[in-house]
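A.B. asks: I'd like to ask you about the structure that follows.
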Amino acid sequence: MSVETERIGYAWAINHALAEEMRRDPRVWMMGQDIGRMGGVFGVTRGLFDEFGPARVRDTTINETFIVGGAAGAAMTGTIPVVELQFADFGLVAGDEIFHKLAKWRYMHGGKLELPAVVRLPTGVVGGAGAEHSQSLEAMGMHVPGLKVALPATPADAKGLLKSAIRDPNPVLFFEHKGLYRVKGEVPTSDDYLVPFGEAAIRRRGDAATVVATGLMVGRALEAAEALAAEDIELEVIDPRTLVPLDMDTIIASVERTGRALVVHEAVRTAGAGAEIAARIQEAAFFALDAPVWRLGALDTPIPQDPELEQLVIPSAAQIEVAVRELVGL
């Protein structure tokens with residue numbers, strides 16, 4: 001059965017998801033800095049203020065504590081807030097509200113209330129935003145029980161995962177990559193298009209090694225795979241899509257077939273999400289491995305302001321290619 005699609009950008013796919021869910025459910029509303037008439041610092045929410053008005057698209061002051069804390073309170077009273085923090089780094093300013101209130105209050109109240117809040121977190125490097133505006137902090141959400149964590153790598157997943165996040169009765173940290181906003185792809189037009197949490201996508205089939213990549217690194221892993229395919233080195237590329245819940249079944253099944261695994265993410269290598277994935281691969285597929293599980297991440301250094309230097313800090317397609325060559329013994 002064919003699915004009707006349109007070719008749109010990653011940012012526009014997020015915009016469509018927000019609009020569709022606000023039309024579907026009057027409980028859904030938005031809050032954040034400059035998300036109204038300005039459409040947000042990256043223009044992702046443009047046009048929504050005109051359609052839904054100031055009651056459902058609310059501009060706020062520069063106060064992340066208020067934005068996320070207000071979302072927690074509003075979620076408990078029966079609405080579904082979707083809040084935008086201009087940069088994922090600023091989630092740390094609202095650390096108590098994210099990691100204690102959103103993550104813990106449903107549990108602490110015996111499940112008597114729901115917290116269906118979505119925190120949109122523009123993440124990653126783009127154009128020299130600097131060390132305080134370019135970090136990839138998704139592992140922190142993975143470390144704190146009570147939160148779900150999504151990292152869409154394609155326009156279609158940006159739409160489908162966000163719609164699933166809005167419909168989820170639990171709080172979701174939605175890490176949307178700033179460097180992908182202008183990337184275009186085929187996106188289903190259906191208002192009922194959803195991408196379920198906890199189901200990884202196999203972006204490319206192969207038998208030489210399994211590459212598990214997230215966010216911006218998915219595209220770079222595929223680029224490396226194309227280059228290696230010219231030499232008959234076929235990589236299997238897996239995109240987890242969500243870190244919480246994490247689809248280890250798909251990853252383990254792949255590693256058991258290929259015998260080798262490389263985990264790639266934009267976050268710093270030390271204590272990143274890749275460390276957890278690598279550990280689980282080692283625990284579940286140790287006897288299938290023909291080599292140690294490798295990890296590739298950003299350098300353990302603050303991200304430079306210079307646009308060219310920042311790219312030297314995070315993994316490139318060429319570095320993924322080199323890592324695979326060493327992993328398979330070439």
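Within each chain, counting starts at residue 1; across the structure tokens, chains are named A, B, ... in the order shown, with ligands numbered 1 upward in that order.
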Between stretch 185-303 of chain A and stretch 311-318 of chain A, at 9 Å or less, what are the per-residue closest atom pairs and their distances in Å? Count only C-alpha atoms, order by chain and rising residue number, and return it as CSV.
C.D. replies:
residue,atom,partner,partner_atom,distance
A:Met217,CA,A:Pro315,CA,7.6
A:Gly219,CA,A:Ala317,CA,8.4
A:Arg220,CA,A:Ala317,CA,4.7
A:Ala221,CA,A:Ala317,CA,6.1
A:Leu222,CA,A:Ala317,CA,8.2
A:Glu223,CA,A:Ala317,CA,6.1
A:Ala224,CA,A:Ala317,CA,5.2
A:Ala225,CA,A:Ala317,CA,8.8
A:Val264,CA,A:Pro315,CA,7.8
A:His265,CA,A:Pro315,CA,7.6
A:Glu266,CA,A:Ile314,CA,5.7
A:Ala267,CA,A:Ile314,CA,7.7
A:Val268,CA,A:Ile314,CA,8.0
A:Leu296,CA,A:Pro315,CA,6.9
A:Gly297,CA,A:Pro315,CA,6.0
A:Ala298,CA,A:Ile314,CA,4.2
A:Leu299,CA,A:Val313,CA,5.4
A:Asp300,CA,A:Val313,CA,8.4
A:Thr301,CA,A:Val313,CA,7.7
A:Pro302,CA,A:Val313,CA,8.7
A:Ile303,CA,A:Val313,CA,6.8
A.B. asks: Got a sec: who's within 12 Å of A:Ile233, counting only C-alpha atoms, leaving out chain neighbours fewer than 5 positions off, as an mmCIF file with C-alpha atoms, in the first residue's frame?
C.D. replies:
data_model
loop_
_atom_site.group_PDB
_atom_site.id
_atom_site.type_symbol
_atom_site.label_atom_id
_atom_site.label_comp_id
_atom_site.auth_asym_id
_atom_site.auth_seq_id
_atom_site.Cartn_x
_atom_site.Cartn_y
_atom_site.Cartn_z
ATOM 1 C CA ARG A 205 21.821 -3.444 5.193
ATOM 2 C CA GLY A 206 25.276 -4.972 5.289
ATOM 3 C CA ASP A 207 27.409 -7.782 6.692
ATOM 4 C CA ALA A 208 30.882 -6.356 7.336
ATOM 5 C CA ALA A 209 30.074 -4.433 10.533
ATOM 6 C CA THR A 210 27.190 -2.795 12.376
ATOM 7 C CA ALA A 224 30.953 6.398 4.926
ATOM 8 C CA ALA A 225 29.027 3.249 4.034
ATOM 9 C CA GLU A 226 28.642 4.414 0.431
ATOM 10 C CA ALA A 227 32.387 5.037 0.162
ATOM 11 C CA LEU A 228 33.258 1.638 1.634
ATOM 12 C CA THR A 258 28.051 -8.953 11.343
ATOM 13 C CA GLU A 321 35.350 5.271 7.349
ATOM 14 C CA VAL A 324 35.541 0.877 10.150
ATOM 15 C CA ARG A 325 38.676 -0.003 8.207
ATOM 16 C CA LEU A 327 37.662 -2.451 12.975
ATOM 17 C CA VAL A 328 37.470 -4.921 10.094
ATOM 18 C CA GLY A 329 41.246 -5.216 9.943
ATOM 19 C CA LEU A 330 42.035 -3.442 6.688
#
A.B. asks: I need the helix (DSSP H, G or I) residues of stretch 32-218 of chain A per DSSP on the backbone, written as a PyMOL selection string.
C.D. replies: chain A and resi 48-52+64-76+88-92+95-108+138-143+155-167+178-180+216-218
A.B. asks: Find the spatial neighbours of A:Gly9, counting only C-alpha atoms, within a cut-off of 12 Å - ignore same-chain residues fewer than 6 positions away - and output them as a compact mmCIF listing (two decimals) with C-alpha atoms, in the first residue's frame.
C.D. replies:
# COMPACT_ATOMS: atom_id res chain seq x y z
CA ASN A 15 6.14 22.52 12.22
CA HIS A 16 3.61 20.22 10.51
CA VAL A 44 10.52 26.31 13.26
CA ALA A 153 17.67 11.95 12.14
CA THR A 154 15.32 12.44 9.17
CA PRO A 155 12.42 14.77 8.32
CA ALA A 156 9.98 11.84 8.40
CA ASP A 157 11.12 10.80 11.85
CA ALA A 158 11.09 14.40 13.05
CA LYS A 159 7.38 14.51 12.27
CA LYS A 178 19.95 22.28 14.42
CA GLY A 179 22.22 21.14 11.62
CA LEU A 180 19.41 19.10 10.08
CA TYR A 181 16.72 21.81 9.97
CA ARG A 182 17.26 22.46 6.25
CA VAL A 183 17.70 18.83 5.21
CA LYS A 184 14.81 17.68 3.02
CA GLY A 185 13.22 14.27 2.68
CA GLU A 186 9.98 12.47 1.91
CA VAL A 187 7.51 12.87 4.77
A.B. asks: Run DSSP on the backbone and grab whatever in stretch 4-186 of chain A lands in strand (DSSP E or B); send it over as a ChimeraX atom specification.
C.D. replies: /A:5-9,28-32,57-59,80-84,118-123,148-150,172-177,184-186
A.B. asks: Just to be explicit: take each residue in the selection above, keep C-alpha atoms, and write the result as a PDB file, in the first residue's frame.
C.D. replies:
ATOM      1  CA  THR A   5       4.343  11.895   0.945  1.00  0.00           C
ATOM      2  CA  GLU A   6       5.687  15.383   0.359  1.00  0.00           C
ATOM      3  CA  ARG A   7       9.301  16.475   0.152  1.00  0.00           C
ATOM      4  CA  ILE A   8       9.877  18.998   2.946  1.00  0.00           C
ATOM      5  CA  GLY A   9      12.616  20.047   5.325  1.00  0.00           C
ATOM      6  CA  VAL A  28      -2.075  20.790  23.044  1.00  0.00           C
ATOM      7  CA  TRP A  29      -0.403  24.188  23.336  1.00  0.00           C
ATOM      8  CA  MET A  30       3.078  25.689  23.062  1.00  0.00           C
ATOM      9  CA  MET A  31       5.346  27.940  25.084  1.00  0.00           C
ATOM     10  CA  GLY A  32       8.847  29.337  24.608  1.00  0.00           C
ATOM     11  CA  VAL A  57       1.270  29.755  21.165  1.00  0.00           C
ATOM     12  CA  ARG A  58       2.716  31.666  24.094  1.00  0.00           C
ATOM     13  CA  ASP A  59       5.859  33.766  24.081  1.00  0.00           C
ATOM     14  CA  ILE A  80      -0.409  18.899  26.860  1.00  0.00           C
ATOM     15  CA  PRO A  81       2.343  21.529  26.755  1.00  0.00           C
ATOM     16  CA  VAL A  82       5.077  21.473  24.114  1.00  0.00           C
ATOM     17  CA  VAL A  83       7.828  23.847  25.149  1.00  0.00           C
ATOM     18  CA  GLU A  84      10.854  25.017  23.211  1.00  0.00           C
ATOM     19  CA  VAL A 118       7.343  17.597  25.485  1.00  0.00           C
ATOM     20  CA  VAL A 119      10.535  19.622  25.832  1.00  0.00           C
ATOM     21  CA  ARG A 120      11.941  20.503  22.408  1.00  0.00           C
ATOM     22  CA  LEU A 121      15.724  20.790  22.606  1.00  0.00           C
ATOM     23  CA  PRO A 122      17.583  22.086  19.515  1.00  0.00           C
ATOM     24  CA  THR A 123      20.883  20.241  19.797  1.00  0.00           C
ATOM     25  CA  LYS A 148      11.735   9.417  27.318  1.00  0.00           C
ATOM     26  CA  VAL A 149      14.389  10.585  24.848  1.00  0.00           C
ATOM     27  CA  ALA A 150      14.015  10.989  21.071  1.00  0.00           C
ATOM     28  CA  VAL A 172       9.649  13.434  26.475  1.00  0.00           C
ATOM     29  CA  LEU A 173      12.943  15.178  25.748  1.00  0.00           C
ATOM     30  CA  PHE A 174      12.925  15.796  21.997  1.00  0.00           C
ATOM     31  CA  PHE A 175      16.443  16.481  20.728  1.00  0.00           C
ATOM     32  CA  GLU A 176      16.067  17.991  17.247  1.00  0.00           C
ATOM     33  CA  HIS A 177      19.350  18.683  15.480  1.00  0.00           C
ATOM     34  CA  LYS A 184      14.806  17.678   3.021  1.00  0.00           C
ATOM     35  CA  GLY A 185      13.220  14.273   2.681  1.00  0.00           C
ATOM     36  CA  GLU A 186       9.984  12.470   1.907  1.00  0.00           C
TER      37      GLU A 186
END
